[in-house]
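Source file: target-v7.pdb. Holds: PDB, C-alpha atoms.
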ATOM      1  CA  MET H 177     -60.089 -19.142  34.097
ATOM      2  CA  ASP H 178     -58.646 -19.625  37.579
ATOM      3  CA  SER H 179     -55.055 -18.955  36.702
ATOM      4  CA  VAL H 180     -52.873 -16.743  38.849
ATOM      5  CA  GLY H 181     -52.319 -14.341  35.983
ATOM      6  CA  ASN H 182     -56.038 -13.765  35.724
ATOM      7  CA  ILE H 183     -56.263 -12.770  39.376
ATOM      8  CA  ILE H 184     -53.257 -10.486  39.132
ATOM      9  CA  LEU H 185     -54.808  -8.894  36.051
ATOM     10  CA  TYR H 186     -58.051  -8.413  37.953
ATOM     11  CA  PHE H 187     -56.326  -6.599  40.797
ATOM     12  CA  ILE H 188     -54.397  -4.343  38.436
ATOM     13  CA  ILE H 189     -57.630  -3.478  36.650
ATOM     14  CA  ALA H 190     -59.495  -2.973  39.929
ATOM     15  CA  ILE H 191     -56.896  -0.556  41.280
ATOM     16  CA  ALA H 192     -56.799   1.297  37.969
ATOM     17  CA  ILE H 193     -60.586   1.626  37.807
ATOM     18  CA  ILE H 194     -60.966   2.807  41.397
ATOM     19  CA  VAL H 195     -58.097   5.302  41.258
ATOM     20  CA  PHE H 196     -59.045   6.758  37.895
ATOM     21  CA  SER H 197     -62.761   6.923  38.745
ATOM     22  CA  VAL H 198     -61.994   8.937  41.873
ATOM     23  CA  LEU H 199     -59.590  11.156  39.941
ATOM     24  CA  THR H 200     -62.185  11.705  37.212
ATOM     25  CA  VAL H 201     -64.642  13.273  39.605
ATOM     26  CA  THR H 202     -62.173  15.077  41.872
ATOM     27  CA  THR H 203     -59.671  16.658  39.519
ATOM     28  CA  LYS H 204     -59.798  20.398  39.073
ATOM     29  CA  LYS H 205     -59.065  20.532  35.351
ATOM     30  CA  ILE H 206     -61.640  19.291  32.927
ATOM     31  CA  LEU H 207     -59.277  18.007  30.262
ATOM     32  CA  ARG H 208     -57.650  15.788  32.884
ATOM     33  CA  ALA H 209     -61.085  14.510  33.857
ATOM     34  CA  ALA H 210     -61.701  13.473  30.250
ATOM     35  CA  THR H 211     -58.317  11.742  30.098
ATOM     36  CA  TYR H 212     -58.956   9.810  33.308
ATOM     37  CA  LEU H 213     -62.369   8.828  31.940
ATOM     38  CA  LEU H 214     -60.568   7.393  28.912
ATOM     39  CA  PHE H 215     -58.414   5.235  31.214
ATOM     40  CA  VAL H 216     -61.504   3.981  33.064
ATOM     41  CA  LEU H 217     -63.160   3.034  29.777
ATOM     42  CA  LEU H 218     -60.075   1.152  28.603
ATOM     43  CA  ALA H 219     -59.893  -0.766  31.905
ATOM     44  CA  THR H 220     -63.562  -1.669  31.484
ATOM     45  CA  ALA H 221     -62.744  -3.091  28.057
ATOM     46  CA  VAL H 222     -60.148  -5.315  29.731
ATOM     47  CA  ILE H 223     -62.864  -6.622  32.067
ATOM     48  CA  TYR H 224     -64.980  -7.522  29.051
ATOM     49  CA  PHE H 225     -62.060  -9.376  27.492
ATOM     50  CA  GLN H 226     -61.623 -11.215  30.780
ATOM     51  CA  MET H 227     -65.266 -12.299  30.611
ATOM     52  CA  ASP H 228     -64.649 -13.761  27.106
ATOM     53  CA  PHE H 229     -66.830 -11.060  25.524
ATOM     54  CA  GLN H 230     -64.345 -10.167  22.815
ATOM     55  CA  PHE H 231     -66.872  -8.398  20.630
ATOM     56  CA  LEU H 232     -68.182  -6.302  23.502
ATOM     57  CA  GLY H 233     -64.652  -5.321  24.473
ATOM     58  CA  ALA H 234     -63.886  -4.296  20.912
ATOM     59  CA  VAL H 235     -67.087  -2.236  20.777
ATOM     60  CA  GLN H 236     -66.182  -0.633  24.087
ATOM     61  CA  ILE H 237     -62.783   0.414  22.781
ATOM     62  CA  ALA H 238     -64.103   1.563  19.393
ATOM     63  CA  VAL H 239     -67.200   3.435  20.529
ATOM     64  CA  TYR H 240     -66.336   4.632  24.015
ATOM     65  CA  ALA H 241     -62.575   5.065  24.041
ATOM     66  CA  GLY H 242     -62.353   5.937  20.374
ATOM     67  CA  GLY H 243     -65.523   7.922  19.832
ATOM     68  CA  ILE H 244     -66.920   9.397  23.010
ATOM     69  CA  ALA H 245     -63.580  10.355  24.563
ATOM     70  CA  VAL H 246     -62.567  12.184  21.379
ATOM     71  CA  LEU H 247     -65.972  13.864  21.309
ATOM     72  CA  PHE H 248     -65.453  15.060  24.881
ATOM     73  CA  VAL H 249     -62.008  16.435  24.055
ATOM     74  CA  PHE H 250     -63.462  18.269  21.048
ATOM     75  CA  ALA H 251     -66.241  19.798  23.136
ATOM     76  CA  ILE H 252     -63.803  20.835  25.875
ATOM     77  CA  MET H 253     -61.481  22.439  23.364
ATOM     78  CA  LEU H 254     -64.387  24.327  21.822
ATOM     79  CA  THR H 255     -65.751  25.671  25.092
ATOM     80  CA  HIS H 256     -62.737  26.228  27.345
ATOM     81  CA  LYS H 257     -59.659  28.337  27.206
ATOM     82  CA  PRO H 258     -56.570  26.286  28.022
ATOM     83  CA  GLY H 259     -53.913  27.355  30.448
ATOM     84  CA  LYS H 260     -53.902  28.951  33.849
ATOM     85  CA  ALA H 261     -57.098  30.924  33.330
ATOM     86  CA  ALA H 262     -59.162  27.732  33.380
ATOM     87  CA  GLN H 263     -62.012  27.898  35.854
ATOM     88  CA  PRO H 264     -62.256  25.239  38.563
ATOM     89  CA  ILE H 265     -65.165  22.966  37.759
ATOM     90  CA  THR H 266     -66.215  21.905  41.241
ATOM     91  CA  SER H 267     -68.996  23.595  43.149
ATOM     92  CA  HIS H 268     -69.561  23.881  46.861
ATOM     93  CA  LYS H 269     -72.084  21.064  47.274
ATOM     94  CA  ARG H 270     -69.352  18.645  48.250
ATOM     95  CA  ALA H 271     -70.971  17.471  51.504
ATOM     96  CA  LEU H 272     -74.225  16.654  49.760
ATOM     97  CA  GLY H 273     -72.406  14.744  47.045
ATOM     98  CA  LEU H 274     -70.313  12.766  49.507
ATOM     99  CA  THR H 275     -73.389  11.921  51.581
ATOM    100  CA  ALA H 276     -75.429  10.776  48.606
ATOM    101  CA  SER H 277     -72.715   8.677  47.007
ATOM    102  CA  ILE H 278     -71.478   7.052  50.220
ATOM    103  CA  ALA H 279     -75.028   6.304  51.373
ATOM    104  CA  GLY H 280     -75.836   4.723  48.023
ATOM    105  CA  VAL H 281     -72.667   2.666  47.992
ATOM    106  CA  VAL H 282     -73.207   1.450  51.566
ATOM    107  CA  VAL H 283     -76.826   0.457  50.933
ATOM    108  CA  CYS H 284     -75.915  -1.392  47.737
ATOM    109  CA  ALA H 285     -72.947  -3.137  49.382
ATOM    110  CA  TYR H 286     -75.155  -4.233  52.289
ATOM    111  CA  ALA H 287     -77.748  -5.602  49.872
ATOM    112  CA  LEU H 288     -74.992  -7.363  47.941
ATOM    113  CA  PHE H 289     -73.473  -9.090  50.947
ATOM    114  CA  SER H 290     -76.781 -10.006  52.552
ATOM    115  CA  TYR H 291     -78.025 -11.620  49.378
ATOM    116  CA  GLY H 292     -76.332 -14.920  50.087
ATOM    117  CA  ASN H 293     -74.042 -17.265  48.274
ATOM    118  CA  LYS H 294     -75.217 -16.346  44.776
ATOM    119  CA  CYS H 295     -72.588 -13.656  44.763
ATOM    120  CA  LEU H 296     -69.872 -16.178  45.626
ATOM    121  CA  GLN H 297     -70.451 -17.858  42.284
ATOM    122  CA  THR H 298     -67.233 -18.433  40.381
ATOM    123  CA  LEU H 299     -66.628 -18.216  36.697
ATOM    124  CA  ALA H 300     -67.552 -21.251  34.601
ATOM    125  CA  PRO H 301     -65.353 -21.796  31.568
ATOM    126  CA  ALA H 302     -66.933 -20.708  28.332
ATOM    127  CA  GLY H 303     -68.241 -23.399  26.059
ATOM    128  CA  ASP H 304     -66.719 -23.861  22.640
ATOM    129  CA  GLY H 305     -68.068 -21.210  20.293
ATOM    130  CA  ASP H 306     -70.428 -19.682  22.824
ATOM    131  CA  TYR H 307     -69.392 -16.112  22.157
ATOM    132  CA  ASP H 308     -67.905 -16.161  18.692
ATOM    133  CA  MET H 309     -68.968 -13.815  15.944
ATOM    134  CA  ALA H 310     -71.215 -16.276  14.108
ATOM    135  CA  THR H 311     -73.346 -16.825  17.209
ATOM    136  CA  LEU H 312     -73.593 -13.106  17.893
ATOM    137  CA  GLY H 313     -74.457 -12.282  14.302
ATOM    138  CA  HIS H 314     -77.177 -14.899  14.136
ATOM    139  CA  ALA H 315     -78.667 -13.689  17.414
ATOM    140  CA  LEU H 316     -78.523 -10.070  16.265
ATOM    141  CA  LEU H 317     -80.435 -10.676  13.025
ATOM    142  CA  ASP H 318     -82.819 -13.333  14.343
ATOM    143  CA  SER H 319     -86.506 -12.462  14.569
ATOM    144  CA  ASN H 320     -87.437 -15.352  16.864
ATOM    145  CA  THR H 321     -88.048 -14.923  20.564
ATOM    146  CA  VAL H 322     -84.341 -15.298  21.313
ATOM    147  CA  GLY H 323     -83.282 -12.886  18.596
ATOM    148  CA  TYR H 324     -82.541  -9.187  18.680
ATOM    149  CA  LEU H 325     -83.753  -7.951  15.311
ATOM    150  CA  LEU H 326     -86.293  -5.472  16.711
ATOM    151  CA  PRO H 327     -83.918  -3.680  19.151
ATOM    152  CA  PHE H 328     -81.285  -3.660  16.414
ATOM    153  CA  GLU H 329     -83.635  -1.857  14.023
ATOM    154  CA  ALA H 330     -84.880   0.458  16.773
ATOM    155  CA  ILE H 331     -81.305   1.474  17.568
ATOM    156  CA  SER H 332     -80.669   2.057  13.872
ATOM    157  CA  VAL H 333     -83.602   4.482  13.795
ATOM    158  CA  LEU H 334     -82.371   6.071  17.022
ATOM    159  CA  LEU H 335     -78.928   6.664  15.541
ATOM    160  CA  LEU H 336     -80.490   8.215  12.444
ATOM    161  CA  ALA H 337     -82.577  10.527  14.631
ATOM    162  CA  CYS H 338     -79.431  11.359  16.607
ATOM    163  CA  ILE H 339     -77.540  12.309  13.444
ATOM    164  CA  ILE H 340     -80.385  14.582  12.309
ATOM    165  CA  ALA H 341     -80.682  16.097  15.774
ATOM    166  CA  GLY H 342     -76.968  16.804  15.917
ATOM    167  CA  VAL H 343     -77.044  18.534  12.564
ATOM    168  CA  VAL H 344     -80.131  20.570  13.454
ATOM    169  CA  ILE H 345     -78.877  21.633  16.884
ATOM    170  CA  ALA H 346     -75.331  22.506  15.893
ATOM    171  CA  ARG H 347     -76.264  24.292  12.662
ATOM    172  CA  ARG H 348     -75.269  27.927  12.442
ATOM    173  CA  ARG H 349     -78.264  30.184  12.100
TER     174      ARG H 349
ATOM    175  CA  MET L  12     -58.472 -19.392  44.454
ATOM    176  CA  GLU L  13     -60.994 -18.084  41.989
ATOM    177  CA  LEU L  14     -62.583 -14.720  41.515
ATOM    178  CA  PRO L  15     -66.143 -14.705  42.836
ATOM    179  CA  LEU L  16     -68.932 -12.634  41.361
ATOM    180  CA  PHE L  17     -69.084  -9.946  44.001
ATOM    181  CA  MET L  18     -65.577  -8.662  43.340
ATOM    182  CA  TYR L  19     -66.667  -7.358  39.951
ATOM    183  CA  LEU L  20     -69.886  -5.997  41.439
ATOM    184  CA  ILE L  21     -67.913  -4.081  44.081
ATOM    185  CA  LEU L  22     -65.817  -2.592  41.297
ATOM    186  CA  SER L  23     -68.828  -1.340  39.394
ATOM    187  CA  LEU L  24     -70.391  -0.142  42.660
ATOM    188  CA  VAL L  25     -67.384   2.057  43.399
ATOM    189  CA  MET L  26     -67.505   3.404  39.860
ATOM    190  CA  PHE L  27     -71.192   4.215  40.191
ATOM    191  CA  GLY L  28     -70.604   5.987  43.517
ATOM    192  CA  CYS L  29     -67.925   8.137  41.908
ATOM    193  CA  GLY L  30     -70.366   8.982  39.139
ATOM    194  CA  VAL L  31     -73.031  10.074  41.622
ATOM    195  CA  TYR L  32     -70.521  12.215  43.506
ATOM    196  CA  GLY L  33     -69.360  13.902  40.334
ATOM    197  CA  PHE L  34     -72.892  14.422  39.095
ATOM    198  CA  ILE L  35     -73.819  16.306  42.262
ATOM    199  CA  THR L  36     -70.653  18.311  42.861
ATOM    200  CA  ARG L  37     -69.678  19.387  39.354
ATOM    201  CA  LYS L  38     -70.993  22.617  37.965
ATOM    202  CA  ASN L  39     -69.537  22.388  34.486
ATOM    203  CA  MET L  40     -71.940  20.766  32.035
ATOM    204  CA  ILE L  41     -69.288  18.697  30.269
ATOM    205  CA  ALA L  42     -67.980  17.431  33.604
ATOM    206  CA  ILE L  43     -71.524  16.369  34.518
ATOM    207  CA  LEU L  44     -71.728  14.448  31.254
ATOM    208  CA  ILE L  45     -68.428  12.740  32.090
ATOM    209  CA  SER L  46     -69.915  11.630  35.428
ATOM    210  CA  ILE L  47     -72.973  10.254  33.623
ATOM    211  CA  GLU L  48     -70.655   8.259  31.381
ATOM    212  CA  LEU L  49     -69.067   6.727  34.483
ATOM    213  CA  MET L  50     -72.465   5.618  35.782
ATOM    214  CA  LEU L  51     -73.556   4.157  32.443
ATOM    215  CA  ASN L  52     -70.268   2.314  32.166
ATOM    216  CA  SER L  53     -70.656   0.693  35.575
ATOM    217  CA  VAL L  54     -74.140  -0.518  34.624
ATOM    218  CA  ASP L  55     -72.718  -2.083  31.465
ATOM    219  CA  ILE L  56     -70.172  -3.961  33.578
ATOM    220  CA  ASN L  57     -73.012  -5.287  35.720
ATOM    221  CA  PHE L  58     -74.916  -6.567  32.697
ATOM    222  CA  ALA L  59     -71.903  -8.386  31.280
ATOM    223  CA  VAL L  60     -70.768  -9.840  34.602
ATOM    224  CA  PHE L  61     -74.215 -11.098  35.621
ATOM    225  CA  ASN L  62     -74.636 -12.730  32.245
ATOM    226  CA  ARG L  63     -71.237 -14.414  32.304
ATOM    227  CA  TYR L  64     -71.390 -15.660  35.883
ATOM    228  CA  LEU L  65     -75.020 -16.587  36.500
ATOM    229  CA  PHE L  66     -76.114 -17.597  33.004
ATOM    230  CA  PRO L  67     -73.064 -18.903  31.140
ATOM    231  CA  GLY L  68     -73.850 -19.876  27.577
ATOM    232  CA  SER L  69     -76.448 -17.160  27.005
ATOM    233  CA  ILE L  70     -75.690 -13.793  25.472
ATOM    234  CA  ASP L  71     -78.641 -11.664  26.588
ATOM    235  CA  GLY L  72     -76.723  -9.492  29.049
ATOM    236  CA  MET L  73     -74.006  -8.928  26.499
ATOM    237  CA  PHE L  74     -76.564  -7.580  24.035
ATOM    238  CA  PHE L  75     -78.050  -5.342  26.698
ATOM    239  CA  ALA L  76     -74.599  -3.888  27.331
ATOM    240  CA  LEU L  77     -74.078  -3.505  23.582
ATOM    241  CA  PHE L  78     -77.331  -1.595  23.097
ATOM    242  CA  ALA L  79     -76.629   0.482  26.198
ATOM    243  CA  ILE L  80     -73.270   1.491  24.717
ATOM    244  CA  ALA L  81     -74.958   2.520  21.460
ATOM    245  CA  ILE L  82     -77.614   4.561  23.250
ATOM    246  CA  ALA L  83     -74.997   6.194  25.489
ATOM    247  CA  ALA L  84     -73.012   7.228  22.431
ATOM    248  CA  ALA L  85     -76.093   8.799  20.839
ATOM    249  CA  GLU L  86     -77.025  10.562  24.070
ATOM    250  CA  THR L  87     -73.529  11.976  24.512
ATOM    251  CA  ALA L  88     -73.395  13.239  20.933
ATOM    252  CA  VAL L  89     -76.701  15.113  21.228
ATOM    253  CA  ALA L  90     -75.862  16.448  24.692
ATOM    254  CA  LEU L  91     -72.501  17.778  23.554
ATOM    255  CA  ALA L  92     -74.167  19.423  20.557
ATOM    256  CA  ILE L  93     -76.547  21.146  22.979
ATOM    257  CA  VAL L  94     -73.646  22.231  25.222
ATOM    258  CA  ILE L  95     -71.713  23.694  22.300
ATOM    259  CA  ASN L  96     -74.808  25.512  21.092
ATOM    260  CA  VAL L  97     -75.498  26.942  24.547
ATOM    261  CA  TYR L  98     -71.889  28.073  24.753
ATOM    262  CA  ARG L  99     -72.194  29.741  21.362
ATOM    263  CA  ILE L 100     -75.239  31.704  22.512
ATOM    264  CA  ALA L 101     -74.458  32.451  26.169
ATOM    265  CA  LYS L 102     -70.623  32.047  26.299
ATOM    266  CA  LYS L 103     -70.998  29.983  29.480
ATOM    267  CA  VAL L 104     -70.923  26.300  30.329
ATOM    268  CA  ASP L 105     -71.521  26.484  34.093
ATOM    269  CA  ILE L 106     -74.963  25.407  35.184
ATOM    270  CA  ASN L 107     -75.236  28.042  37.913
ATOM    271  CA  GLN L 108     -74.812  30.813  35.357
ATOM    272  CA  ILE L 109     -77.279  29.529  32.799
ATOM    273  CA  THR L 110     -80.553  30.497  34.418
ATOM    274  CA  LYS L 111     -82.656  31.642  31.517
ATOM    275  CA  LEU L 112     -85.032  28.697  31.752
ATOM    276  CA  LYS L 113     -85.442  29.071  35.509
ATOM    277  CA  PHE L 114     -88.821  30.040  36.815
TER     278      PHE L 114
END
Final structure tokens representation of the file:
Amino acid sequence: MDSVGNIILYFIIAIAIIVFSVLTVTTKKILRAATYLLFVLLATAVIYFQMDFQFLGAVQIAVYAGGIAVLFVFAIMLTHKPGKAAQPITSHKRALGLTASIAGVVVCAYALFSYGNKCLQTLAPAGDGDYDMATLGHALLDSNTVGYLLPFEAISVLLLACIIAGVVIARRR
Amino acid sequence: MELPLFMYLILSLVMFGCGVYGFITRKNMIAILISIELMLNSVDINFAVFNRYLFPGSIDGMFFALFAIAIAAAETAVALAIVINVYRIAKKVDINQITKLKF
């Protein structure tokens, strides 16, 4: 995992994430904000692939970049008029926002660097078959203490409730 | 040279700060939802990175990130349905113009 290509890939991804995150929250047009959000989500999927979480990266691309980004574009198209008449989407509370975010980032960075050498830990190579699909599937449908059957079923019920709620809310009366 | 843990944490920290900034300064409801997505995404990165670096061989953090992604998708779908419905009734999506529920 300590190859030069990995480090170069990390820096490309880091620059992409930082630039596109800032652009997402500072751009004046909302469709551009959604597009930059899509780039951030794709870069996050690359981080997951770098961590050897192939399944999580695939879920990130399928659900976030494929589902949520499209959903945002649909909602924007339904509620905004394109073109020059588009309203700017930023309000005047810029000083408050800058203060809150910078204060939070500084406090968290201070806590991170004062925590000690735990955060200098480097990546251990993944064991053989640690993160392959068979392991994940067994853990997902295992009802022992290390399994995730109960959250899996709870999320299934949550998704069902979400479908019903979406239909009920968006129904034309 | 290897990549230590805190470089990924810094990345997600910057992303979370951007999300907070957007959440406070935006006045469009869909833009606020986009900022919330940024924050949720940075938390998912933290889960995965902590799992991979500090507890290699276990998959608990990965499953937390997985379930967080599923819940975020459900939350976004319902929230966008609400936004579209509000727009259909009031023809507005700016939070400083929708004041009917204000005391």
| field | Explicit residues for the PyMOL selection byres ((chain L) within 8 of (chain H)) (as a ChimeraX atom specification) | value | /L:12-17,21-22,24-26,28-39,41-42,45-46,49,52,56,59-60,63-65,67-70,73,76-78,80-82,84-89,91-93,95-96,98,104
Atoms to include: C-alpha atoms. Write the selected residues as an mmCIF file, keeping the file's coordinate frame.
data_model
loop_
_atom_site.group_PDB
_atom_site.id
_atom_site.type_symbol
_atom_site.label_atom_id
_atom_site.label_comp_id
_atom_site.auth_asym_id
_atom_site.auth_seq_id
_atom_site.Cartn_x
_atom_site.Cartn_y
_atom_site.Cartn_z
ATOM 1 C CA MET L 12 -58.472 -19.392 44.454
ATOM 2 C CA GLU L 13 -60.994 -18.084 41.989
ATOM 3 C CA LEU L 14 -62.583 -14.720 41.515
ATOM 4 C CA PRO L 15 -66.143 -14.705 42.836
ATOM 5 C CA LEU L 16 -68.932 -12.634 41.361
ATOM 6 C CA PHE L 17 -69.084 -9.946 44.001
ATOM 7 C CA ILE L 21 -67.913 -4.081 44.081
ATOM 8 C CA LEU L 22 -65.817 -2.592 41.297
ATOM 9 C CA LEU L 24 -70.391 -0.142 42.660
ATOM 10 C CA VAL L 25 -67.384 2.057 43.399
ATOM 11 C CA MET L 26 -67.505 3.404 39.860
ATOM 12 C CA GLY L 28 -70.604 5.987 43.517
ATOM 13 C CA CYS L 29 -67.925 8.137 41.908
ATOM 14 C CA GLY L 30 -70.366 8.982 39.139
ATOM 15 C CA VAL L 31 -73.031 10.074 41.622
ATOM 16 C CA TYR L 32 -70.521 12.215 43.506
ATOM 17 C CA GLY L 33 -69.360 13.902 40.334
ATOM 18 C CA PHE L 34 -72.892 14.422 39.095
ATOM 19 C CA ILE L 35 -73.819 16.306 42.262
ATOM 20 C CA THR L 36 -70.653 18.311 42.861
ATOM 21 C CA ARG L 37 -69.678 19.387 39.354
ATOM 22 C CA LYS L 38 -70.993 22.617 37.965
ATOM 23 C CA ASN L 39 -69.537 22.388 34.486
ATOM 24 C CA ILE L 41 -69.288 18.697 30.269
ATOM 25 C CA ALA L 42 -67.980 17.431 33.604
ATOM 26 C CA ILE L 45 -68.428 12.740 32.090
ATOM 27 C CA SER L 46 -69.915 11.630 35.428
ATOM 28 C CA LEU L 49 -69.067 6.727 34.483
ATOM 29 C CA ASN L 52 -70.268 2.314 32.166
ATOM 30 C CA ILE L 56 -70.172 -3.961 33.578
ATOM 31 C CA ALA L 59 -71.903 -8.386 31.280
ATOM 32 C CA VAL L 60 -70.768 -9.840 34.602
ATOM 33 C CA ARG L 63 -71.237 -14.414 32.304
ATOM 34 C CA TYR L 64 -71.390 -15.660 35.883
ATOM 35 C CA LEU L 65 -75.020 -16.587 36.500
ATOM 36 C CA PRO L 67 -73.064 -18.903 31.140
ATOM 37 C CA GLY L 68 -73.850 -19.876 27.577
ATOM 38 C CA SER L 69 -76.448 -17.160 27.005
ATOM 39 C CA ILE L 70 -75.690 -13.793 25.472
ATOM 40 C CA MET L 73 -74.006 -8.928 26.499
ATOM 41 C CA ALA L 76 -74.599 -3.888 27.331
ATOM 42 C CA LEU L 77 -74.078 -3.505 23.582
ATOM 43 C CA PHE L 78 -77.331 -1.595 23.097
ATOM 44 C CA ILE L 80 -73.270 1.491 24.717
ATOM 45 C CA ALA L 81 -74.958 2.520 21.460
ATOM 46 C CA ILE L 82 -77.614 4.561 23.250
ATOM 47 C CA ALA L 84 -73.012 7.228 22.431
ATOM 48 C CA ALA L 85 -76.093 8.799 20.839
ATOM 49 C CA GLU L 86 -77.025 10.562 24.070
ATOM 50 C CA THR L 87 -73.529 11.976 24.512
ATOM 51 C CA ALA L 88 -73.395 13.239 20.933
ATOM 52 C CA VAL L 89 -76.701 15.113 21.228
ATOM 53 C CA LEU L 91 -72.501 17.778 23.554
ATOM 54 C CA ALA L 92 -74.167 19.423 20.557
ATOM 55 C CA ILE L 93 -76.547 21.146 22.979
ATOM 56 C CA ILE L 95 -71.713 23.694 22.300
ATOM 57 C CA ASN L 96 -74.808 25.512 21.092
ATOM 58 C CA TYR L 98 -71.889 28.073 24.753
ATOM 59 C CA VAL L 104 -70.923 26.300 30.329
#
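If you look at atom CA of Ala287 of chain H and atom CA of Leu20 of chain L, they are 11.5 Å away from each other.
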| request: Tell me, in Å to one decimal, how far atom CA of Asp308 of chain H is from atom CA of Gln230 of chain H. | output: 8.1 Å
| task | Measure the distance from atom CA of Ala330 of chain H to atom CA of Gly313 of chain H in Å and round it to one decimal. | result | 16.6 Å
